[in-house]
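Have a look at the structure below, then the notes.
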Amino acid sequence: MKFLNFLTSSVVGGVLAVSSLASANAADLTVGANIGNVPWEFEEADGTVVGFEVDLVNEIASRLGKSVEFVNIPFNGLFPAVQSGRIDMAVSSITITDKRLESVTFAQPYYDSDQSLTATAEGGVSGLADMDGKAVGVDTGSTGDMWVTKNGDEYGIADVRRYEGLSPAMLDLQAGRIDGYVSDIPALLYYVKDKPNLKVVERITTGEKYSIMFNKDAALATEVNDVITELKKEGFIAGLHETWFGAQPEDTTSTVKVLDMPSID
């Protein structure tokens, strides 16, 4: 398995660190994340790792009295890493699905989402109807990948190209090597807001909800779930939403509402 850019540092009392798996044994909790997944977990220019889920996990660790270390893993590698016990939990805007619940456990969700199609402003693609005969990019193993695999023929998509994160896909999109990119809408809205050459051209309604992923029936999942309940009641997670998206979440969303731990329907 190849890891992306990483930095290594010691952690005390929940302060963020990022490492390779080889050194991820100093902290109480090791958390897998696909660093580069804006605005959930990504590097600033000085190498500092920030994001909505970074803030959330660090607060959860602090409430549990544990230190935390983030491990940079491509999205598709998060699932075997958590199942094998190499990491204690995983984040990266991971959608809860019944299929995933067969082999892993999730805490209650904290964000409601949909998929989206992003294209260049001058590329002639204004929605899925314009993707006939064209190439689309997705993140390997993501729910965007699943959606395109299931629905791509309906829209005549000719080629599906898979990436390990948003940044390389955006480079190919802007270079004309793909015609559109299907991924989670909050990440794309955040990414394109200061890039006039890129545009989210269509929301793809899927009703997805994000959560933290654990090995199947891990006791830690229940502990974390209880902390998430506290953080919702205190308005902490709603505050993260305002910080990272510039608006308060609606009261009906999983960012605010206390929910049960998900189970297979």
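Quick note on naming: the chains in the structure tokens go A, B, ... in the order shown, residues restart at 1 in each chain, and ligands are numbered from 1 in order of appearance.
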
Quick one: residues within 10 Å of stretch 140-147 of chain A, only C-alpha atoms, excluding same-chain residues fewer than 2 positions away - as a CSV table (one decimal) with N, CA and C atoms, in the first residue's frame?
chain,number,residue,atom,x,y,z
A,74,PRO,N,-5.2,6.0,1.5
A,74,PRO,CA,-6.2,6.2,0.4
A,74,PRO,C,-7.5,5.7,0.8
A,75,PHE,N,-8.6,6.3,0.3
A,75,PHE,CA,-9.9,6.0,0.8
A,75,PHE,C,-10.2,4.5,0.8
A,76,ASN,N,-10.0,3.9,-0.3
A,76,ASN,CA,-10.3,2.5,-0.4
A,76,ASN,C,-9.6,1.6,0.5
A,77,GLY,N,-8.4,2.1,1.1
A,77,GLY,CA,-7.7,1.3,2.0
A,77,GLY,C,-8.1,1.4,3.5
A,79,PHE,N,-11.0,0.7,4.7
A,79,PHE,CA,-11.9,-0.4,5.1
A,79,PHE,C,-11.1,-1.6,5.6
A,93,SER,N,-15.3,11.5,5.3
A,93,SER,CA,-16.7,11.7,4.7
A,93,SER,C,-17.2,10.3,4.3
A,94,ILE,N,-17.1,9.3,5.2
A,94,ILE,CA,-17.5,8.0,4.9
A,94,ILE,C,-19.0,7.8,5.0
A,95,THR,N,-19.7,7.4,4.0
A,95,THR,CA,-21.1,7.2,4.0
A,95,THR,C,-21.5,5.9,4.6
A,96,ILE,N,-22.5,5.9,5.5
A,96,ILE,CA,-23.1,4.7,6.0
A,96,ILE,C,-24.0,4.0,5.0
A,97,THR,N,-23.7,2.7,4.7
A,97,THR,CA,-24.5,1.9,3.8
A,97,THR,C,-24.8,0.6,4.5
A,114,ASP,N,-25.2,14.6,-0.4
A,114,ASP,CA,-25.5,14.0,-1.7
A,114,ASP,C,-24.3,13.9,-2.5
A,115,GLN,N,-24.4,13.3,-3.7
A,115,GLN,CA,-23.3,13.3,-4.7
A,115,GLN,C,-23.5,14.5,-5.6
A,116,SER,N,-22.5,14.8,-6.4
A,116,SER,CA,-22.6,15.9,-7.3
A,116,SER,C,-21.7,15.7,-8.6
A,117,LEU,N,-22.0,16.4,-9.6
A,117,LEU,CA,-21.1,16.4,-10.8
A,117,LEU,C,-20.5,17.7,-10.9
A,136,VAL,N,-15.7,10.3,-17.0
A,136,VAL,CA,-16.0,10.8,-15.7
A,136,VAL,C,-14.9,10.2,-14.7
A,137,GLY,N,-14.6,11.1,-13.7
A,137,GLY,CA,-13.7,10.6,-12.6
A,137,GLY,C,-14.4,10.4,-11.4
A,138,VAL,N,-14.0,9.4,-10.6
A,138,VAL,CA,-14.5,9.1,-9.3
A,138,VAL,C,-13.4,8.7,-8.3
A,149,THR,N,-21.0,3.4,-11.3
A,149,THR,CA,-21.1,2.0,-11.7
A,149,THR,C,-22.5,1.6,-11.9
A,150,LYS,N,-23.4,2.0,-11.1
A,150,LYS,CA,-24.8,1.6,-11.2
A,150,LYS,C,-25.6,2.4,-12.3
A,151,ASN,N,-25.3,3.7,-12.4
A,151,ASN,CA,-26.1,4.6,-13.2
A,151,ASN,C,-25.4,5.1,-14.5
A,152,GLY,N,-24.1,4.8,-14.6
A,152,GLY,CA,-23.4,5.4,-15.8
A,152,GLY,C,-23.9,5.1,-17.1
A,160,VAL,N,-14.9,5.5,-17.1
A,160,VAL,CA,-14.8,5.8,-15.7
A,160,VAL,C,-13.4,5.7,-15.3
A,161,ARG,N,-12.8,6.8,-14.8
A,161,ARG,CA,-11.4,6.8,-14.3
A,161,ARG,C,-11.4,7.0,-12.8
A,162,ARG,N,-10.6,6.2,-12.1
A,162,ARG,CA,-10.7,6.1,-10.6
A,162,ARG,C,-9.4,6.8,-10.1
A,163,TYR,N,-9.6,7.6,-9.0
A,163,TYR,CA,-8.5,8.3,-8.4
A,163,TYR,C,-8.5,8.1,-6.9
A,164,GLU,N,-7.4,8.4,-6.3
A,164,GLU,CA,-7.2,8.3,-4.8
A,164,GLU,C,-7.2,9.7,-4.3
A,165,GLY,N,-8.4,10.3,-4.3
A,165,GLY,CA,-8.6,11.6,-3.7
A,165,GLY,C,-9.0,12.7,-4.8
A,181,TYR,N,-16.5,15.1,-12.8
A,181,TYR,CA,-16.0,14.4,-11.6
A,181,TYR,C,-17.2,14.2,-10.7
A,182,VAL,N,-17.5,13.0,-10.3
A,182,VAL,CA,-18.6,12.7,-9.4
A,182,VAL,C,-18.1,12.4,-8.0
A,183,SER,N,-18.5,13.2,-7.0
A,183,SER,CA,-18.1,13.0,-5.6
A,183,SER,C,-19.1,13.8,-4.7
A,184,ASP,N,-18.8,13.7,-3.4
A,184,ASP,CA,-19.7,14.3,-2.4
A,184,ASP,C,-19.8,15.8,-2.6
A,204,ILE,N,-26.6,15.3,-7.2
A,204,ILE,CA,-27.2,14.0,-7.4
A,204,ILE,C,-27.7,13.5,-6.1
A,206,THR,N,-28.8,11.5,-3.2
A,206,THR,CA,-28.6,10.1,-2.7
A,206,THR,C,-29.0,9.9,-1.2
A,208,GLU,N,-27.2,10.5,1.5
A,208,GLU,CA,-26.1,9.9,2.3
A,208,GLU,C,-25.9,10.6,3.6

Going by DSSP on the backbone, which bits of stretch 102-220 of chain A are alpha helix (DSSP H)? Write them as a ChimeraX atom specification, please. /A:143-151,166-175,185-192,219-220

Just the selected residues (C-alpha atoms), exported as a short mmCIF file (atom, residue, chain, number, x, y, z; two decimals), in the first residue's frame, please.
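Saved result, selection-v8.cif, follows:
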data_model
loop_
_atom_site.label_atom_id
_atom_site.label_comp_id
_atom_site.auth_asym_id
_atom_site.auth_seq_id
_atom_site.Cartn_x
_atom_site.Cartn_y
_atom_site.Cartn_z
CA THR A 143 -20.19 6.07 -3.02
CA GLY A 144 -19.59 8.25 -6.08
CA ASP A 145 -17.84 5.27 -7.67
CA MET A 146 -20.80 3.07 -6.69
CA TRP A 147 -23.30 5.55 -8.13
CA VAL A 148 -21.51 5.81 -11.47
CA THR A 149 -21.07 2.05 -11.69
CA LYS A 150 -24.83 1.63 -11.19
CA ASN A 151 -26.09 4.58 -13.23
CA LEU A 166 -9.93 14.90 -5.05
CA SER A 167 -6.69 16.69 -5.99
CA PRO A 168 -5.46 14.36 -8.78
CA ALA A 169 -8.99 14.19 -10.21
CA MET A 170 -9.21 17.98 -10.30
CA LEU A 171 -5.87 18.19 -12.10
CA ASP A 172 -7.13 15.80 -14.79
CA LEU A 173 -10.45 17.63 -15.04
CA GLN A 174 -8.76 20.98 -15.62
CA ALA A 175 -6.34 19.40 -18.11
CA ILE A 185 -21.24 17.69 -2.87
CA PRO A 186 -19.96 19.44 0.30
CA ALA A 187 -16.34 18.76 -0.60
CA LEU A 188 -16.83 20.05 -4.13
CA LEU A 189 -18.78 23.15 -3.14
CA TYR A 190 -15.98 24.00 -0.72
CA TYR A 191 -13.27 23.26 -3.28
CA VAL A 192 -14.69 25.29 -6.21
CA ALA A 219 -16.61 -1.38 21.92
CA LEU A 220 -14.95 1.92 21.00
#

Near A:Gly85, within 12 Å and counting only C-alpha atoms, which residues show up once chain neighbours fewer than 3 positions away are dropped, as a PDB file with N, CA, C and O atoms, in the first residue's frame?
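Here's the written file part27.pdb:
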ATOM      1  N   LEU A  21       1.609   4.055   8.774  1.00  0.00           N
ATOM      2  CA  LEU A  21       1.175   2.984   9.674  1.00  0.00           C
ATOM      3  C   LEU A  21       2.328   2.406  10.475  1.00  0.00           C
ATOM      4  O   LEU A  21       2.142   1.915  11.576  1.00  0.00           O
ATOM      5  N   ALA A  24       2.455   4.253  13.638  1.00  0.00           N
ATOM      6  CA  ALA A  24       1.193   4.615  14.267  1.00  0.00           C
ATOM      7  C   ALA A  24       0.893   3.739  15.465  1.00  0.00           C
ATOM      8  O   ALA A  24      -0.055   2.989  15.490  1.00  0.00           O
ATOM      9  N   ASN A  25       1.746   3.802  16.482  1.00  0.00           N
ATOM     10  CA  ASN A  25       1.500   3.013  17.681  1.00  0.00           C
ATOM     11  C   ASN A  25       1.810   3.793  18.949  1.00  0.00           C
ATOM     12  O   ASN A  25       1.763   3.237  20.030  1.00  0.00           O
ATOM     13  N   LEU A  29      -5.234   6.342  20.247  1.00  0.00           N
ATOM     14  CA  LEU A  29      -6.142   6.055  19.139  1.00  0.00           C
ATOM     15  C   LEU A  29      -5.461   6.372  17.817  1.00  0.00           C
ATOM     16  O   LEU A  29      -4.926   7.465  17.638  1.00  0.00           O
ATOM     17  N   THR A  30      -5.474   5.435  16.900  1.00  0.00           N
ATOM     18  CA  THR A  30      -4.994   5.695  15.547  1.00  0.00           C
ATOM     19  C   THR A  30      -6.204   5.819  14.628  1.00  0.00           C
ATOM     20  O   THR A  30      -7.093   4.960  14.633  1.00  0.00           O
ATOM     21  N   VAL A  31      -6.226   6.896  13.855  1.00  0.00           N
ATOM     22  CA  VAL A  31      -7.389   7.228  13.035  1.00  0.00           C
ATOM     23  C   VAL A  31      -6.965   7.301  11.582  1.00  0.00           C
ATOM     24  O   VAL A  31      -6.129   8.133  11.217  1.00  0.00           O
ATOM     25  N   GLY A  32      -7.523   6.445  10.755  1.00  0.00           N
ATOM     26  CA  GLY A  32      -7.231   6.485   9.332  1.00  0.00           C
ATOM     27  C   GLY A  32      -8.015   7.581   8.650  1.00  0.00           C
ATOM     28  O   GLY A  32      -9.185   7.805   8.957  1.00  0.00           O
ATOM     29  N   LEU A  78      -9.057   2.358   3.704  1.00  0.00           N
ATOM     30  CA  LEU A  78      -9.548   2.551   5.068  1.00  0.00           C
ATOM     31  C   LEU A  78     -10.319   1.341   5.572  1.00  0.00           C
ATOM     32  O   LEU A  78     -10.267   1.005   6.754  1.00  0.00           O
ATOM     33  N   PHE A  79     -11.022   0.675   4.683  1.00  0.00           N
ATOM     34  CA  PHE A  79     -11.883  -0.434   5.088  1.00  0.00           C
ATOM     35  C   PHE A  79     -11.076  -1.637   5.572  1.00  0.00           C
ATOM     36  O   PHE A  79     -11.304  -2.128   6.690  1.00  0.00           O
ATOM     37  N   PRO A  80     -10.106  -2.153   4.794  1.00  0.00           N
ATOM     38  CA  PRO A  80      -9.299  -3.252   5.326  1.00  0.00           C
ATOM     39  C   PRO A  80      -8.458  -2.840   6.526  1.00  0.00           C
ATOM     40  O   PRO A  80      -8.182  -3.667   7.405  1.00  0.00           O
ATOM     41  N   ALA A  81      -8.051  -1.566   6.590  1.00  0.00           N
ATOM     42  CA  ALA A  81      -7.229  -1.125   7.722  1.00  0.00           C
ATOM     43  C   ALA A  81      -8.007  -1.182   9.027  1.00  0.00           C
ATOM     44  O   ALA A  81      -7.493  -1.614  10.060  1.00  0.00           O
ATOM     45  N   VAL A  82      -9.270  -0.749   8.999  1.00  0.00           N
ATOM     46  CA  VAL A  82     -10.066  -0.771  10.226  1.00  0.00           C
ATOM     47  C   VAL A  82     -10.506  -2.196  10.559  1.00  0.00           C
ATOM     48  O   VAL A  82     -10.556  -2.590  11.730  1.00  0.00           O
ATOM     49  N   ASP A  88      -7.767   2.206  14.712  1.00  0.00           N
ATOM     50  CA  ASP A  88      -8.906   2.059  15.620  1.00  0.00           C
ATOM     51  C   ASP A  88     -10.210   2.551  15.005  1.00  0.00           C
ATOM     52  O   ASP A  88     -11.280   2.029  15.323  1.00  0.00           O
ATOM     53  N   MET A  89     -10.116   3.555  14.146  1.00  0.00           N
ATOM     54  CA  MET A  89     -11.309   4.076  13.489  1.00  0.00           C
ATOM     55  C   MET A  89     -10.889   4.841  12.249  1.00  0.00           C
ATOM     56  O   MET A  89      -9.699   5.114  12.053  1.00  0.00           O
ATOM     57  N   ALA A  90     -11.881   5.180  11.430  1.00  0.00           N
ATOM     58  CA  ALA A  90     -11.577   5.859  10.162  1.00  0.00           C
ATOM     59  C   ALA A  90     -12.592   6.959   9.895  1.00  0.00           C
ATOM     60  O   ALA A  90     -13.778   6.832  10.219  1.00  0.00           O
ATOM     61  N   VAL A 104     -18.546  -3.660   9.027  1.00  0.00           N
ATOM     62  CA  VAL A 104     -17.986  -2.646   9.924  1.00  0.00           C
ATOM     63  C   VAL A 104     -19.121  -2.058  10.756  1.00  0.00           C
ATOM     64  O   VAL A 104     -20.301  -2.311  10.501  1.00  0.00           O
ATOM     65  N   MET A 213     -16.106   5.273  11.212  1.00  0.00           N
ATOM     66  CA  MET A 213     -16.167   3.829  10.976  1.00  0.00           C
ATOM     67  C   MET A 213     -15.217   3.072  11.913  1.00  0.00           C
ATOM     68  O   MET A 213     -14.103   3.514  12.171  1.00  0.00           O
ATOM     69  N   PHE A 214     -15.695   1.917  12.378  1.00  0.00           N
ATOM     70  CA  PHE A 214     -14.945   1.067  13.299  1.00  0.00           C
ATOM     71  C   PHE A 214     -14.991  -0.379  12.818  1.00  0.00           C
ATOM     72  O   PHE A 214     -15.835  -0.752  11.997  1.00  0.00           O
ATOM     73  N   ASN A 215     -14.121  -1.199  13.393  1.00  0.00           N
ATOM     74  CA  ASN A 215     -14.221  -2.631  13.149  1.00  0.00           C
ATOM     75  C   ASN A 215     -15.570  -3.123  13.658  1.00  0.00           C
ATOM     76  O   ASN A 215     -16.168  -2.533  14.552  1.00  0.00           O
ATOM     77  N   LYS A 216     -16.057  -4.197  13.097  1.00  0.00           N
ATOM     78  CA  LYS A 216     -17.381  -4.711  13.428  1.00  0.00           C
ATOM     79  C   LYS A 216     -17.527  -4.931  14.934  1.00  0.00           C
ATOM     80  O   LYS A 216     -16.703  -5.620  15.557  1.00  0.00           O
ATOM     81  N   ALA A 218     -16.990  -3.110  17.477  1.00  0.00           N
ATOM     82  CA  ALA A 218     -15.940  -2.599  18.365  1.00  0.00           C
ATOM     83  C   ALA A 218     -16.565  -1.828  19.522  1.00  0.00           C
ATOM     84  O   ALA A 218     -17.465  -0.998  19.321  1.00  0.00           O
TER      85      ALA A 218
END

Residue contacts of A:Ala27 (7 Å, only C-alpha atoms) excluding same-chain residues fewer than 3 positions away, as number ranges by chain: A: 11, 30, 67-69

Identify all residues of stretch 134-245 of chain A in strand (DSSP E or B) (DSSP on the backbone) and supply them as JSON, numbers by chain. {"A": [135, 136, 137, 138, 139, 159, 160, 161, 162, 163, 180, 181, 182, 183, 184, 198, 199, 200, 201, 202, 203, 204, 205, 206, 207, 208, 209, 210, 211, 212, 213, 214, 215]}
